[in-house]
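Participant: Can you read through this structure? Questions will come right after.
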Amino acid sequence: MAQLHLKIVTPEKLILDEEVSQVNVSTEEGEIGILPNHANLMAKLQPGELVIKRNGKADSMAIGDGFLQVADNILTIMTDLATL
C-alpha cells in the first residue's frame, strides 16, 4: 500500500518523521485530508487537531499556527506547537 512521508517540525525540534497512510488537518480554507501521492500544496494551518492514520489506527495531536507543504509525496508541517 502506498504511504505518505510525514514530517512535523517545531522551532525546538523534529516531532515526527515517519510513513503514514493519511493525515487530516485544519487549514484556513477548512479541514483537508491528505493521502499518498497528493497534489503539491502549500497552506496556512489553523490551530486545532491533527489526525494521523497509520497501521489501521488513528492518533491525534494538537497543533498551533504554521504552514504545511506537500511535495513529492512528503508532507511537511511547520508549526509553533505540536503535542501528542
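Chains: A, B, ... in order of the C-alpha cells. Residues: from 1 per chain. Ligands: from 1, in order shown.
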Do you know which residues are at most 6 Å from A:Ile8 counting only C-alpha atoms, after dropping those on the same chain fewer than 6 positions away, and could you put them as JSON, numbers by chain?
Facilitator: {"A": [15, 16, 76, 77]}
Participant: Excluding same-chain residues fewer than 3 positions from A:Leu50, what lies within 8 Å of it counting only C-alpha atoms, as a list in words?
Facilitator: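 Skipping anything fewer than 3 positions along the chain leaves Val23, Asn24, Val25, Ser26, Ser60, Met61, Ala62 and Ile63 of chain A.
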Participant: Take the residues from that selection and put them in a file with N, CA and C atoms, as a CSV table (one decimal), in the first residue's frame.
Facilitator:
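Full text of again_5.csv as output:
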```csv
chain,number,residue,atom,x,y,z
A,23,VAL,N,-3.4,11.9,6.6
A,23,VAL,CA,-3.4,13.0,7.6
A,23,VAL,C,-4.6,13.9,7.4
A,24,ASN,N,-5.3,14.2,8.4
A,24,ASN,CA,-6.4,15.2,8.4
A,24,ASN,C,-5.9,16.4,9.2
A,25,VAL,N,-6.1,17.6,8.7
A,25,VAL,CA,-5.6,18.8,9.3
A,25,VAL,C,-6.5,20.0,8.9
A,26,SER,N,-6.6,20.9,9.8
A,26,SER,CA,-7.4,22.1,9.6
A,26,SER,C,-6.6,23.2,9.0
A,60,SER,N,-4.2,11.3,17.4
A,60,SER,CA,-4.5,12.8,17.4
A,60,SER,C,-3.4,13.5,18.1
A,61,MET,N,-3.2,14.7,17.6
A,61,MET,CA,-2.3,15.6,18.3
A,61,MET,C,-2.8,17.1,18.1
A,62,ALA,N,-2.4,17.9,19.1
A,62,ALA,CA,-2.8,19.3,19.0
A,62,ALA,C,-1.7,20.1,18.3
A,63,ILE,N,-2.0,21.0,17.3
A,63,ILE,CA,-1.1,21.8,16.7
A,63,ILE,C,-1.4,23.3,16.8
```
Participant: Nearest to A:Lys7 among A:Gly64, A:Ile74, A:Pro36, A:Glu28, with distances taken over only C-alpha atoms: which residue is it?
Facilitator: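 Ranking A:Gly64, A:Ile74, A:Pro36, A:Glu28 by distance to A:Lys7, first place goes to A:Ile74.
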Participant: Once DSSP has gone over the backbone, tell me which residues of stretch 27-72 of chain A are in strand (DSSP E), as a VMD selection string.
Facilitator: chain A and resid 27 30 to 34 41 to 45 48 to 54 57 to 63 66 to 71
Participant: Please produce an output containing N, CA and C atoms for each residue in the selection, written as a compact mmCIF listing (two decimals), in the first residue's frame.
Facilitator:
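part_14.txt, written as the output of this step:
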```
# COMPACT_ATOMS: atom_id res chain seq x y z
N THR A 27 -7.02 23.83 7.91
CA THR A 27 -6.34 24.97 7.30
C THR A 27 -7.29 26.16 7.33
N GLY A 30 -10.43 25.35 5.54
CA GLY A 30 -11.24 24.26 6.05
C GLY A 30 -10.40 23.02 6.29
N GLU A 31 -11.04 21.93 6.72
CA GLU A 31 -10.32 20.70 7.00
C GLU A 31 -10.03 19.96 5.71
N ILE A 32 -8.81 19.44 5.61
CA ILE A 32 -8.44 18.66 4.43
C ILE A 32 -7.85 17.33 4.85
N GLY A 33 -8.01 16.35 3.99
CA GLY A 33 -7.39 15.05 4.17
C GLY A 33 -6.31 14.89 3.13
N ILE A 34 -5.14 14.46 3.55
CA ILE A 34 -4.01 14.30 2.64
C ILE A 34 -3.65 12.83 2.59
N LEU A 41 0.99 21.17 -2.67
CA LEU A 41 0.11 22.09 -1.96
C LEU A 41 0.90 22.84 -0.89
N MET A 42 0.55 24.10 -0.69
CA MET A 42 1.01 24.86 0.48
C MET A 42 -0.23 25.49 1.08
N ALA A 43 -0.33 25.46 2.42
CA ALA A 43 -1.50 26.02 3.08
C ALA A 43 -1.12 26.51 4.47
N LYS A 44 -1.87 27.50 4.96
CA LYS A 44 -1.69 28.02 6.32
C LYS A 44 -2.53 27.17 7.26
N LEU A 45 -1.91 26.72 8.35
CA LEU A 45 -2.61 25.89 9.32
C LEU A 45 -3.53 26.72 10.20
N GLY A 48 -5.49 23.58 16.04
CA GLY A 48 -6.53 22.59 16.34
C GLY A 48 -5.97 21.19 16.37
N GLU A 49 -6.77 20.25 15.90
CA GLU A 49 -6.42 18.83 15.96
C GLU A 49 -5.86 18.35 14.63
N LEU A 50 -4.81 17.56 14.72
CA LEU A 50 -4.21 16.89 13.58
C LEU A 50 -4.44 15.40 13.79
N VAL A 51 -4.99 14.71 12.80
CA VAL A 51 -5.26 13.27 12.93
C VAL A 51 -4.34 12.54 11.95
N ILE A 52 -3.58 11.59 12.49
CA ILE A 52 -2.63 10.80 11.70
C ILE A 52 -3.12 9.36 11.68
N LYS A 53 -3.31 8.81 10.48
CA LYS A 53 -3.73 7.42 10.34
C LYS A 53 -2.56 6.59 9.83
N ARG A 54 -2.26 5.51 10.58
CA ARG A 54 -1.19 4.58 10.20
C ARG A 54 -1.48 3.22 10.81
N LYS A 57 -4.74 2.47 12.60
CA LYS A 57 -5.12 3.20 13.80
C LYS A 57 -5.01 4.70 13.53
N ALA A 58 -5.79 5.47 14.28
CA ALA A 58 -5.75 6.93 14.17
C ALA A 58 -5.24 7.52 15.48
N ASP A 59 -4.28 8.42 15.38
CA ASP A 59 -3.74 9.13 16.53
C ASP A 59 -3.97 10.62 16.32
N SER A 60 -4.24 11.32 17.43
CA SER A 60 -4.49 12.76 17.36
C SER A 60 -3.41 13.53 18.08
N MET A 61 -3.17 14.74 17.63
CA MET A 61 -2.27 15.64 18.32
C MET A 61 -2.78 17.07 18.13
N ALA A 62 -2.42 17.93 19.07
CA ALA A 62 -2.79 19.34 18.97
C ALA A 62 -1.66 20.08 18.26
N ILE A 63 -2.05 20.99 17.35
CA ILE A 63 -1.05 21.80 16.67
C ILE A 63 -1.45 23.27 16.75
N GLY A 66 0.93 27.74 11.82
CA GLY A 66 2.05 27.33 10.99
C GLY A 66 1.63 27.13 9.55
N PHE A 67 2.41 26.32 8.85
CA PHE A 67 2.17 26.05 7.44
C PHE A 67 2.37 24.58 7.16
N LEU A 68 1.78 24.12 6.06
CA LEU A 68 2.05 22.77 5.58
C LEU A 68 2.44 22.84 4.12
N GLN A 69 3.26 21.86 3.73
CA GLN A 69 3.68 21.75 2.34
C GLN A 69 3.63 20.29 1.94
N VAL A 70 3.04 20.02 0.78
CA VAL A 70 3.06 18.67 0.20
C VAL A 70 3.83 18.78 -1.11
N ALA A 71 4.88 17.99 -1.24
CA ALA A 71 5.67 17.93 -2.47
C ALA A 71 6.36 16.58 -2.54
```
Participant: Between A:Thr79, A:Gln46, A:Leu84, A:Asp72, which residue has the minimum interatomic distance to A:Glu12, considering only C-alpha atoms?
Facilitator: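 The answer is A:Thr79, which sits nearest to A:Glu12.
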